[in-house]
$ cat structure_27.cif   # mmCIF, N, CA and C atoms
data_final
loop_
_atom_site.label_atom_id
_atom_site.label_comp_id
_atom_site.auth_asym_id
_atom_site.auth_seq_id
_atom_site.Cartn_x
_atom_site.Cartn_y
_atom_site.Cartn_z
N MET A 15 69.20 149.57 88.28
CA MET A 15 69.11 150.43 87.13
C MET A 15 69.73 149.78 85.89
N TRP A 16 70.93 149.23 86.02
CA TRP A 16 71.62 148.65 84.89
C TRP A 16 70.94 147.38 84.39
N ARG A 17 70.12 146.79 85.22
CA ARG A 17 69.46 145.53 84.83
C ARG A 17 68.47 145.72 83.68
N ARG A 18 68.01 146.95 83.49
CA ARG A 18 67.10 147.22 82.38
C ARG A 18 67.84 147.31 81.05
N HIS A 19 69.16 147.48 81.10
CA HIS A 19 69.96 147.66 79.88
C HIS A 19 71.25 146.83 79.95
N PRO A 20 71.12 145.50 80.08
CA PRO A 20 72.34 144.68 80.21
C PRO A 20 73.23 144.68 78.98
N LEU A 21 72.65 144.86 77.79
CA LEU A 21 73.48 144.88 76.58
C LEU A 21 74.42 146.07 76.58
N HIS A 22 73.99 147.18 77.17
CA HIS A 22 74.88 148.33 77.28
C HIS A 22 76.12 147.98 78.11
N ILE A 23 75.91 147.24 79.17
CA ILE A 23 77.03 146.82 80.03
C ILE A 23 77.94 145.87 79.27
N ILE A 24 77.36 144.89 78.60
CA ILE A 24 78.16 143.89 77.87
C ILE A 24 78.97 144.56 76.77
N VAL A 25 78.32 145.38 75.96
CA VAL A 25 79.02 146.06 74.87
C VAL A 25 80.06 147.03 75.43
N GLY A 26 79.70 147.72 76.51
CA GLY A 26 80.65 148.64 77.14
C GLY A 26 81.90 147.93 77.62
N LEU A 27 81.73 146.77 78.25
CA LEU A 27 82.89 146.00 78.72
C LEU A 27 83.74 145.52 77.55
N ASP A 28 83.09 145.10 76.47
CA ASP A 28 83.85 144.66 75.29
C ASP A 28 84.62 145.82 74.67
N LEU A 29 83.99 146.98 74.60
CA LEU A 29 84.69 148.16 74.05
C LEU A 29 85.88 148.56 74.92
N ILE A 30 85.70 148.50 76.23
CA ILE A 30 86.82 148.83 77.13
C ILE A 30 87.96 147.84 76.93
N ALA A 31 87.64 146.55 76.88
CA ALA A 31 88.69 145.53 76.68
C ALA A 31 89.37 145.71 75.33
N THR A 32 88.60 145.91 74.28
CA THR A 32 89.16 146.13 72.95
C THR A 32 90.05 147.37 72.93
N GLY A 33 89.55 148.44 73.52
CA GLY A 33 90.32 149.68 73.56
C GLY A 33 91.64 149.52 74.30
N LEU A 34 91.60 148.85 75.44
CA LEU A 34 92.83 148.65 76.22
C LEU A 34 93.83 147.77 75.47
N ILE A 35 93.33 146.77 74.76
CA ILE A 35 94.22 145.92 73.96
C ILE A 35 94.89 146.76 72.86
N LEU A 36 94.11 147.61 72.21
CA LEU A 36 94.69 148.45 71.15
C LEU A 36 95.67 149.47 71.70
N ILE A 37 95.40 149.99 72.89
CA ILE A 37 96.33 150.93 73.53
C ILE A 37 97.65 150.24 73.86
N ASN A 38 97.57 149.01 74.34
CA ASN A 38 98.76 148.29 74.79
C ASN A 38 99.48 147.54 73.68
N ASN A 39 98.93 147.53 72.47
CA ASN A 39 99.56 146.82 71.37
C ASN A 39 99.71 147.77 70.19
N SER A 40 100.87 148.38 70.09
CA SER A 40 101.09 149.39 69.04
C SER A 40 101.39 148.77 67.68
N ARG A 41 101.32 147.47 67.57
CA ARG A 41 101.54 146.80 66.28
C ARG A 41 100.40 145.87 65.93
N TYR A 42 99.22 146.16 66.43
CA TYR A 42 98.07 145.29 66.14
C TYR A 42 97.78 145.28 64.64
N PHE A 43 97.72 146.45 64.04
CA PHE A 43 97.56 146.55 62.59
C PHE A 43 98.96 146.64 62.00
N PHE A 44 99.29 145.72 61.09
CA PHE A 44 100.69 145.54 60.74
C PHE A 44 100.99 145.48 59.27
N TRP A 45 100.03 145.29 58.45
CA TRP A 45 100.34 144.95 57.07
C TRP A 45 99.49 145.77 56.12
N PRO A 46 100.06 146.18 55.00
CA PRO A 46 99.22 146.80 53.99
C PRO A 46 98.13 145.82 53.58
N PRO A 47 97.02 146.17 53.18
CA PRO A 47 96.70 147.00 52.06
C PRO A 47 96.67 148.50 52.37
N HIS A 48 96.87 148.87 53.57
CA HIS A 48 96.82 150.28 53.92
C HIS A 48 98.23 150.88 53.83
N PRO A 49 98.33 152.12 53.38
CA PRO A 49 99.64 152.79 53.39
C PRO A 49 100.15 152.93 54.83
N LYS A 50 101.43 153.17 54.98
CA LYS A 50 102.05 153.28 56.30
C LYS A 50 101.38 154.34 57.17
N ILE A 51 100.96 155.43 56.58
CA ILE A 51 100.33 156.50 57.36
C ILE A 51 99.01 156.00 57.97
N ILE A 52 98.27 155.19 57.24
CA ILE A 52 97.01 154.64 57.76
C ILE A 52 97.30 153.68 58.90
N ILE A 53 98.32 152.85 58.74
CA ILE A 53 98.69 151.92 59.82
C ILE A 53 99.12 152.70 61.05
N ALA A 54 99.86 153.79 60.86
CA ALA A 54 100.27 154.63 61.99
C ALA A 54 99.06 155.22 62.70
N ILE A 55 98.07 155.63 61.95
CA ILE A 55 96.85 156.18 62.55
C ILE A 55 96.09 155.08 63.29
N LEU A 56 95.93 153.92 62.67
CA LEU A 56 95.19 152.83 63.30
C LEU A 56 95.87 152.34 64.57
N ASN A 57 97.19 152.34 64.60
CA ASN A 57 97.93 151.88 65.77
C ASN A 57 98.13 152.97 66.82
N ASN A 58 97.59 154.14 66.58
CA ASN A 58 97.70 155.24 67.54
C ASN A 58 96.87 154.91 68.78
N ASN A 59 97.38 155.30 69.94
CA ASN A 59 96.66 155.05 71.20
C ASN A 59 95.29 155.71 71.22
N ALA A 60 95.10 156.75 70.43
CA ALA A 60 93.80 157.43 70.39
C ALA A 60 92.69 156.50 69.92
N VAL A 61 93.01 155.58 69.02
CA VAL A 61 91.99 154.63 68.53
C VAL A 61 91.50 153.75 69.69
N GLY A 62 92.43 153.26 70.48
CA GLY A 62 92.04 152.47 71.65
C GLY A 62 91.32 153.31 72.70
N ALA A 63 91.77 154.54 72.87
CA ALA A 63 91.14 155.43 73.86
C ALA A 63 89.70 155.74 73.47
N ILE A 64 89.45 155.91 72.18
CA ILE A 64 88.08 156.18 71.73
C ILE A 64 87.17 155.01 72.09
N GLY A 65 87.61 153.80 71.83
CA GLY A 65 86.81 152.62 72.18
C GLY A 65 86.57 152.53 73.67
N THR A 66 87.61 152.79 74.45
CA THR A 66 87.49 152.75 75.90
C THR A 66 86.49 153.79 76.40
N LEU A 67 86.56 154.99 75.87
CA LEU A 67 85.64 156.06 76.28
C LEU A 67 84.19 155.75 75.90
N ILE A 68 83.99 155.20 74.71
CA ILE A 68 82.63 154.83 74.31
C ILE A 68 82.10 153.74 75.25
N GLY A 69 82.95 152.76 75.57
CA GLY A 69 82.55 151.70 76.50
C GLY A 69 82.19 152.23 77.87
N LEU A 70 83.02 153.13 78.39
CA LEU A 70 82.72 153.74 79.69
C LEU A 70 81.42 154.53 79.62
N GLY A 71 81.19 155.22 78.50
CA GLY A 71 79.95 155.97 78.33
C GLY A 71 78.72 155.08 78.33
N LEU A 72 78.80 153.93 77.66
CA LEU A 72 77.67 153.01 77.64
C LEU A 72 77.36 152.47 79.04
N ILE A 73 78.40 152.14 79.78
CA ILE A 73 78.20 151.64 81.15
C ILE A 73 77.64 152.76 82.02
N TRP A 74 78.18 153.96 81.89
CA TRP A 74 77.66 155.10 82.64
C TRP A 74 76.18 155.31 82.33
N TRP A 75 75.82 155.26 81.06
CA TRP A 75 74.43 155.47 80.67
C TRP A 75 73.54 154.41 81.29
N ALA A 76 73.97 153.15 81.24
CA ALA A 76 73.15 152.06 81.77
C ALA A 76 72.95 152.17 83.27
N CYS A 77 73.93 152.72 83.97
CA CYS A 77 73.87 152.81 85.43
C CYS A 77 73.31 154.13 85.94
N SER A 78 73.15 155.12 85.07
CA SER A 78 72.69 156.44 85.54
C SER A 78 71.19 156.43 85.78
N LYS A 79 70.76 157.33 86.66
CA LYS A 79 69.33 157.44 86.97
C LYS A 79 68.59 158.20 85.89
N GLY A 80 69.11 159.33 85.50
CA GLY A 80 68.48 160.12 84.44
C GLY A 80 69.10 159.75 83.11
N LYS A 81 68.37 159.06 82.27
CA LYS A 81 68.91 158.57 81.02
C LYS A 81 68.55 159.50 79.86
N SER A 82 69.56 160.04 79.23
CA SER A 82 69.37 160.90 78.07
C SER A 82 69.28 160.04 76.82
N VAL A 83 68.17 160.15 76.11
CA VAL A 83 68.00 159.40 74.87
C VAL A 83 69.04 159.85 73.84
N LYS A 84 69.32 161.15 73.80
CA LYS A 84 70.34 161.66 72.86
C LYS A 84 71.70 161.04 73.14
N ALA A 85 72.09 160.98 74.41
CA ALA A 85 73.38 160.38 74.78
C ALA A 85 73.41 158.91 74.38
N ASN A 86 72.32 158.21 74.61
CA ASN A 86 72.23 156.80 74.24
C ASN A 86 72.40 156.63 72.74
N HIS A 87 71.70 157.43 71.95
CA HIS A 87 71.81 157.33 70.50
C HIS A 87 73.23 157.63 70.03
N LEU A 88 73.83 158.65 70.61
CA LEU A 88 75.21 159.02 70.24
C LEU A 88 76.19 157.89 70.59
N LEU A 89 76.05 157.32 71.77
CA LEU A 89 76.95 156.24 72.19
C LEU A 89 76.78 155.00 71.32
N ILE A 90 75.55 154.62 71.04
CA ILE A 90 75.31 153.43 70.22
C ILE A 90 75.80 153.66 68.78
N THR A 91 75.57 154.84 68.24
CA THR A 91 76.03 155.16 66.89
C THR A 91 77.55 155.09 66.81
N ASN A 92 78.22 155.67 67.80
CA ASN A 92 79.69 155.63 67.81
C ASN A 92 80.21 154.21 68.01
N ALA A 93 79.56 153.43 68.85
CA ALA A 93 79.97 152.04 69.06
C ALA A 93 79.83 151.25 67.75
N THR A 94 78.72 151.45 67.05
CA THR A 94 78.51 150.74 65.78
C THR A 94 79.59 151.12 64.76
N GLY A 95 79.87 152.40 64.64
CA GLY A 95 80.91 152.85 63.71
C GLY A 95 82.28 152.30 64.08
N TYR A 96 82.59 152.33 65.36
CA TYR A 96 83.89 151.84 65.85
C TYR A 96 84.06 150.36 65.51
N TYR A 97 83.05 149.56 65.83
CA TYR A 97 83.13 148.13 65.53
C TYR A 97 83.19 147.87 64.03
N THR A 98 82.45 148.63 63.25
CA THR A 98 82.45 148.43 61.80
C THR A 98 83.81 148.74 61.19
N ILE A 99 84.41 149.84 61.60
CA ILE A 99 85.73 150.20 61.08
C ILE A 99 86.77 149.14 61.47
N LEU A 100 86.74 148.71 62.74
CA LEU A 100 87.68 147.67 63.16
C LEU A 100 87.46 146.39 62.38
N SER A 101 86.21 146.00 62.21
CA SER A 101 85.90 144.77 61.50
C SER A 101 86.40 144.81 60.06
N MET A 102 86.10 145.88 59.35
CA MET A 102 86.53 145.97 57.95
C MET A 102 88.05 146.01 57.83
N THR A 103 88.71 146.68 58.75
CA THR A 103 90.17 146.72 58.73
C THR A 103 90.75 145.34 59.01
N GLU A 104 90.19 144.63 59.98
CA GLU A 104 90.67 143.28 60.28
C GLU A 104 90.41 142.32 59.13
N PHE A 105 89.25 142.43 58.48
CA PHE A 105 88.98 141.59 57.31
C PHE A 105 89.96 141.89 56.19
N SER A 106 90.32 143.15 55.99
CA SER A 106 91.27 143.47 54.92
C SER A 106 92.64 142.88 55.23
N HIS A 107 93.03 142.88 56.50
CA HIS A 107 94.29 142.23 56.88
C HIS A 107 94.21 140.73 56.62
N ALA A 108 93.08 140.13 56.97
CA ALA A 108 92.94 138.68 56.83
C ALA A 108 92.88 138.26 55.37
N LEU A 109 92.19 139.01 54.55
CA LEU A 109 91.95 138.58 53.18
C LEU A 109 93.08 138.94 52.22
N PHE A 110 93.79 140.03 52.47
CA PHE A 110 94.78 140.50 51.51
C PHE A 110 96.22 140.25 51.94
N SER A 111 96.41 139.69 53.10
CA SER A 111 97.76 139.38 53.56
C SER A 111 98.32 138.22 52.73
N LYS A 112 99.62 138.31 52.44
CA LYS A 112 100.27 137.29 51.61
C LYS A 112 100.11 135.89 52.20
N TRP A 113 100.26 135.78 53.52
CA TRP A 113 100.18 134.49 54.17
C TRP A 113 98.82 134.23 54.81
N GLY A 114 97.96 135.20 54.76
CA GLY A 114 96.67 135.05 55.43
C GLY A 114 96.85 135.24 56.92
N GLU A 115 95.88 135.80 57.54
CA GLU A 115 95.94 136.06 58.98
C GLU A 115 94.65 135.57 59.61
N PRO A 116 94.59 134.28 59.99
CA PRO A 116 93.34 133.74 60.53
C PRO A 116 92.88 134.42 61.81
N HIS A 117 93.82 134.88 62.66
CA HIS A 117 93.39 135.54 63.89
C HIS A 117 92.72 136.88 63.59
N MET A 118 93.13 137.55 62.52
CA MET A 118 92.48 138.79 62.12
C MET A 118 91.09 138.50 61.56
N PHE A 119 90.95 137.40 60.85
CA PHE A 119 89.65 137.02 60.32
C PHE A 119 88.68 136.73 61.47
N ILE A 120 89.13 136.01 62.47
CA ILE A 120 88.30 135.70 63.64
C ILE A 120 87.94 136.98 64.39
N SER A 121 88.91 137.87 64.55
CA SER A 121 88.64 139.15 65.21
C SER A 121 87.64 139.97 64.40
N GLY A 122 87.77 139.96 63.09
CA GLY A 122 86.84 140.69 62.24
C GLY A 122 85.42 140.17 62.38
N ILE A 123 85.28 138.86 62.48
CA ILE A 123 83.94 138.28 62.69
C ILE A 123 83.39 138.73 64.04
N GLY A 124 84.23 138.71 65.07
CA GLY A 124 83.79 139.15 66.40
C GLY A 124 83.35 140.60 66.41
N GLU A 125 84.11 141.46 65.74
CA GLU A 125 83.76 142.88 65.69
C GLU A 125 82.48 143.08 64.88
N LEU A 126 82.32 142.30 63.81
CA LEU A 126 81.10 142.40 63.01
C LEU A 126 79.88 141.98 63.83
N VAL A 127 80.01 140.92 64.60
CA VAL A 127 78.92 140.48 65.48
C VAL A 127 78.57 141.57 66.49
N MET A 128 79.59 142.22 67.04
CA MET A 128 79.34 143.29 67.99
C MET A 128 78.68 144.49 67.31
N ALA A 129 79.06 144.78 66.07
CA ALA A 129 78.39 145.86 65.33
C ALA A 129 76.91 145.53 65.13
N LEU A 130 76.62 144.27 64.81
CA LEU A 130 75.23 143.85 64.66
C LEU A 130 74.48 143.94 65.99
N MET A 131 75.17 143.62 67.09
CA MET A 131 74.53 143.74 68.40
C MET A 131 74.19 145.19 68.71
N THR A 132 75.07 146.11 68.34
CA THR A 132 74.77 147.52 68.60
C THR A 132 73.61 147.99 67.74
N LEU A 133 73.48 147.45 66.53
CA LEU A 133 72.31 147.80 65.71
C LEU A 133 71.03 147.28 66.35
N TYR A 134 71.10 146.10 66.92
CA TYR A 134 69.95 145.56 67.66
C TYR A 134 69.63 146.44 68.86
N MET A 135 70.67 146.86 69.56
CA MET A 135 70.48 147.76 70.70
C MET A 135 69.79 149.05 70.26
N ALA A 136 70.20 149.57 69.12
CA ALA A 136 69.61 150.82 68.62
C ALA A 136 68.12 150.63 68.38
N LYS A 137 67.75 149.48 67.84
CA LYS A 137 66.34 149.20 67.57
C LYS A 137 65.55 149.06 68.87
N GLN A 138 66.16 148.46 69.90
CA GLN A 138 65.47 148.18 71.15
C GLN A 138 65.55 149.32 72.17
N SER A 139 66.43 150.27 71.94
CA SER A 139 66.67 151.32 72.93
C SER A 139 65.52 152.32 72.99
N PRO A 140 65.43 153.03 74.12
CA PRO A 140 64.38 154.03 74.27
C PRO A 140 64.46 155.09 73.19
N SER A 141 63.29 155.53 72.74
CA SER A 141 63.27 156.56 71.70
C SER A 141 62.70 157.86 72.22
N GLY A 142 62.56 157.97 73.53
CA GLY A 142 62.10 159.22 74.12
C GLY A 142 60.78 159.06 74.84
N GLY A 143 60.62 159.81 75.90
CA GLY A 143 59.36 159.82 76.63
C GLY A 143 59.15 158.66 77.55
N GLU A 144 60.12 157.72 77.66
CA GLU A 144 59.96 156.59 78.55
C GLU A 144 60.37 156.96 79.96
N GLU A 145 59.97 156.14 80.91
CA GLU A 145 60.28 156.40 82.31
C GLU A 145 61.78 156.50 82.50
N GLY A 146 62.20 157.57 83.16
CA GLY A 146 63.62 157.78 83.44
C GLY A 146 64.35 158.53 82.35
N ASP A 147 63.70 158.75 81.20
CA ASP A 147 64.35 159.48 80.12
C ASP A 147 64.30 160.98 80.39
N THR A 148 65.41 161.65 80.14
CA THR A 148 65.44 163.10 80.36
C THR A 148 65.30 163.88 79.07
N THR A 149 65.33 163.19 77.94
CA THR A 149 65.18 163.85 76.66
C THR A 149 63.89 163.37 76.01
N LYS A 150 63.05 164.29 75.64
CA LYS A 150 61.77 163.93 75.01
C LYS A 150 61.95 163.75 73.52
N LYS A 151 61.11 162.91 72.96
CA LYS A 151 61.11 162.66 71.53
C LYS A 151 60.72 163.94 70.81
N GLY A 152 61.42 164.29 69.77
CA GLY A 152 61.13 165.54 69.12
C GLY A 152 60.85 165.38 67.72
#

$ encode --input "structure_27.cif" --output "structure tokens"
Amino acid sequence: MWRRHPLHIIVGLDLIATGLILINNSRYFFWPPHPKIIIAILNNNAVGAIGTLIGLGLIWWACSKGKSVKANHLLITNATGYYTILSMTEFSHALFSKWGEPHMFISGIGELVMALMTLYMAKQSPSGGEEGDTTKKG
């Protein structure tokens, strides 16, 4: 079943890994340009948990027998948003930091690539009425 949607598995695993790293590192986001309250929100375990849950959802969807097109669209949309927010935040750390943060720049590129992959997935994903889909195109 999952062999028909390997990108869901790959992106799901990356989201789980990213989420767990953010949960276990409460100082990942460390420097303004964001006010302290924004850094506190970004470093909250909920941010990592959201990524982990989206990743688990993508893997669940890829492995399930009855595939809901609505669930797929929701998961891919959330994954794209999650990666985009992380990417832009990492780029802001890399570009506006006094000393520069090359590891944040590299991470931002990685997250941006993953956001582009999820957009590709959205284009290639079922749009309803396909074999195994439980939600019809409306």

$ residues_around --input "structure_27.cif" --residues "Ala76 (chain A)" --least-positions-apart "4" --cutoff "10 Å" --atoms "only C-alpha atoms" --output "list in words"
Met15, Trp16, Arg17, Arg18, His19, Pro20, Leu21, His22, Ile23, Gly26, Leu70, Gly71, Leu72, Gly80, Lys81 and Asn86 of chain A

$ residues_around --input "structure_27.cif" --residues "Leu29 (chain A)" --least-positions-apart "3" --cutoff "6.5 Å" --atoms "all atoms listed in the file" --output "PyMOL selection string"
chain A and resi 24-26+32-34+65-66+68-70

$ closest_residue --input "structure_27.cif" --among "A:Ile90, A:Phe119, A:Phe105, A:Leu100" --to "Tyr134 (chain A)" --atoms "only C-alpha atoms"
A:Ile90

$ residues_near_point --input "structure_27.cif" --point "(93.3, 148.1, 58.4)" --cutoff "7 Å" --atoms "only C-alpha atoms" --output "JSON, numbers by chain"
{"A": [43, 48, 53, 103, 104, 106, 107]}

$ select_by_dssp --input "structure_27.cif" --residues "region 47-117 of chain A" --states "alpha helix (DSSP H)" --output "PyMOL selection string"
chain A and resi 50-56+59-77+83-110+116-117

$ atom_distance --input "structure_27.cif" --atom1 "atom N of Leu126 (chain A)" --atom2 "atom C of Ile30 (chain A)"
15.3 Å

$ atom_distance --input "structure_27.cif" --atom1 "CA of Asn57 (chain A)" --atom2 "atom N of Thr132 (chain A)"
23.7 Å

$ atom_distance --input "structure_27.cif" --atom1 "CA of Ser82 (chain A)" --atom2 "atom N of Ile37 (chain A)"
28.7 Å

$ closest_residue --input "structure_27.cif" --among "A:Ser141, A:Thr98, A:Asn39, A:Ser111" --to "Ile123 (chain A)" --atoms "only C-alpha atoms"
A:Thr98

$ closest_residue --input "structure_27.cif" --among "A:Leu36, A:Leu133, A:Lys79, A:Ile73" --to "Asn59 (chain A)" --atoms "all atoms listed in the file"
A:Leu36

$ resolve_selection --input "structure_27.cif" --expression "the PyMOL selection byres ((chain A and resi 125) around 8)" --output "PyMOL selection string"
chain A and resi 96-102+119-124+126-131

$ closest_residue --input "structure_27.cif" --among "A:Leu67, A:Lys84, A:Tyr42, A:Cys77" --to "Met118 (chain A)" --atoms "only C-alpha atoms"
A:Tyr42

$ closest_residue --input "structure_27.cif" --among "A:Asn38, A:Gln138, A:Leu27, A:Leu88" --to "Gly62 (chain A)" --atoms "all atoms listed in the file"
A:Asn38
